[in-house]
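Below is one structure, written out as structure tokens, with a few remarks after it.
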Amino acid sequence: MSSIKAQLDLVLLALEALTGLGSDAMLAAADALGVSDLLSDRVNLWRLRQASPLRKGQGRKKLDVDEARALVLVSCQLAVNHRDSIRQAVARLEQALAQGQAPHRTAQLGDYLDAFSNAYQDRMEGDQTATTDELTTLGLKLLVDLLFYSGSGGSRKLWVALLERAGK
């Protein structure tokens with residue numbers, strides 16, 4: 001379950017970095033999806049995210065299956081809500097790669113990668129030795145993943161991806 005906790009937190013971190021959304025948007029999505037009993041307030045959400053083994057001070061809360069499912073639903077709903085931004089960023093990534101340019105030199109991608117790297121280094125302790133290149137690779141992979149989670153059957157795709165990663 002620890003890799004599931006870490007991956008869910010990273011997906012939310014990528015969404016935050018790309019869109020600037022915060023806990024209010026996550027709680028509003030939980031309310032709209034009818035899972036606010038599992039994600040009731042900022043403290044509860046923070047505790048669930050602190051369950052990630054990558055987090056500084058992690059281990060304060062175990063994550064059960066219902067809570068993981070609620071985070072999957074919220075993550076995918078937020079990805080759907082920001083699908084245009086995600087698509088635009090992925091299109092810019094494809095364009096940069098096709099032109100042989102470094103993705104971080106593109107305005108939107110550079111901003112996203114900076115925000116992702118800063119948030120990762122601020123909040124995560126599991127890998128303080130992560131290089132800029134490693135964080136860029138992780139951030140771009142998560143960006144592409146978000147595109148899939150924003151589409152039809154996104155929550156199922158995320159759930160399957162989490163289970164596959166947990167099995168490794």
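Naming works like this for the structure tokens: A, B, ... for the chains as they're shown, residue 1 at the start of each chain, ligands 1 onward in shown order.
Non-sequential neighbours of range 156-167 of chain A (distance at most 6 Å, separation of 2 or more positions within a chain, only C-alpha atoms) are A:Ser3, A:Ile4, A:Gly153, A:Gly154.
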Mind dumping the selected residues with N, CA, C and O atoms as an mmCIF file, in the first residue's frame?
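Result went into out.cif, see below:
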data_model
loop_
_atom_site.group_PDB
_atom_site.id
_atom_site.type_symbol
_atom_site.label_atom_id
_atom_site.label_comp_id
_atom_site.auth_asym_id
_atom_site.auth_seq_id
_atom_site.Cartn_x
_atom_site.Cartn_y
_atom_site.Cartn_z
ATOM 1 N N SER A 3 3.442 2.121 -1.908
ATOM 2 C CA SER A 3 3.671 2.699 -3.235
ATOM 3 C C SER A 3 2.382 3.319 -3.776
ATOM 4 O O SER A 3 2.439 4.299 -4.526
ATOM 5 N N ILE A 4 1.242 2.806 -3.387
ATOM 6 C CA ILE A 4 -0.041 3.404 -3.767
ATOM 7 C C ILE A 4 -0.162 4.774 -3.115
ATOM 8 O O ILE A 4 -0.529 5.748 -3.766
ATOM 9 N N GLY A 153 -12.886 6.967 -18.360
ATOM 10 C CA GLY A 153 -12.407 5.855 -17.533
ATOM 11 C C GLY A 153 -11.142 6.175 -16.762
ATOM 12 O O GLY A 153 -10.397 5.276 -16.369
ATOM 13 N N GLY A 154 -10.887 7.459 -16.533
ATOM 14 C CA GLY A 154 -9.656 7.881 -15.876
ATOM 15 C C GLY A 154 -9.442 7.276 -14.497
ATOM 16 O O GLY A 154 -8.333 6.850 -14.162
#
* So which one's closest to Thr19 in chain A, A:Leu33, A:Leu73, A:Leu97, A:Ile86? Using only C-alpha atoms, please. ->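 Of the candidates, the smallest distance to Thr19 in chain A is held by A:Ile86.
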* Asked: Taking into account only C-alpha atoms, which residue in the set A:Leu109, A:Asn118, A:Ala79, A:Ala89 is nearest to Ser150 in chain A?
  ->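 Closest to Ser150 in chain A, using only C-alpha atoms: A:Ala79.
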* For Leu78 in chain A, the nearest of the candidates A:Val90, A:Leu147, A:Leu39, A:Leu140, counting only C-alpha atoms ->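 Checking each of A:Val90, A:Leu147, A:Leu39, A:Leu140 against Leu78 in chain A, counting only C-alpha atoms, the winner is A:Leu147.
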* CA of Tyr149 in chain A to CA of Asn81 in chain A, distance in Å rounded to a single decimal ->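 Separation of CA of Tyr149 in chain A and CA of Asn81 in chain A: 11.0 Å.
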May I have the residues within 10 Å of range 43-45 of chain A as a PDB file with C-alpha atoms, in the first residue's frame, using only C-alpha atoms and disregarding those fewer than 6 positions away in the same chain?
ATOM      1  CA  SER A  23      -6.833  21.784  -0.692  1.00  0.00           C
ATOM      2  CA  MET A  26      -9.681  18.913  -3.515  1.00  0.00           C
ATOM      3  CA  LEU A  27     -12.280  19.169  -0.744  1.00  0.00           C
ATOM      4  CA  ASP A  37     -17.000  11.687   4.732  1.00  0.00           C
ATOM      5  CA  LYS A  61      -1.985   8.028   8.966  1.00  0.00           C
ATOM      6  CA  GLU A  67      -9.613   6.459   1.385  1.00  0.00           C
ATOM      7  CA  LEU A  71      -8.258  10.105  -3.499  1.00  0.00           C
TER       8      LEU A  71
END
* **Proximity to Phe116 in chain A - best of A:Leu18, A:Asp41, A:Arg92, A:Leu54, only C-alpha atoms** => A:Leu18
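Between CA of Gln88 in chain A and CA of Val74 in chain A lies a distance of 21.2 Å.
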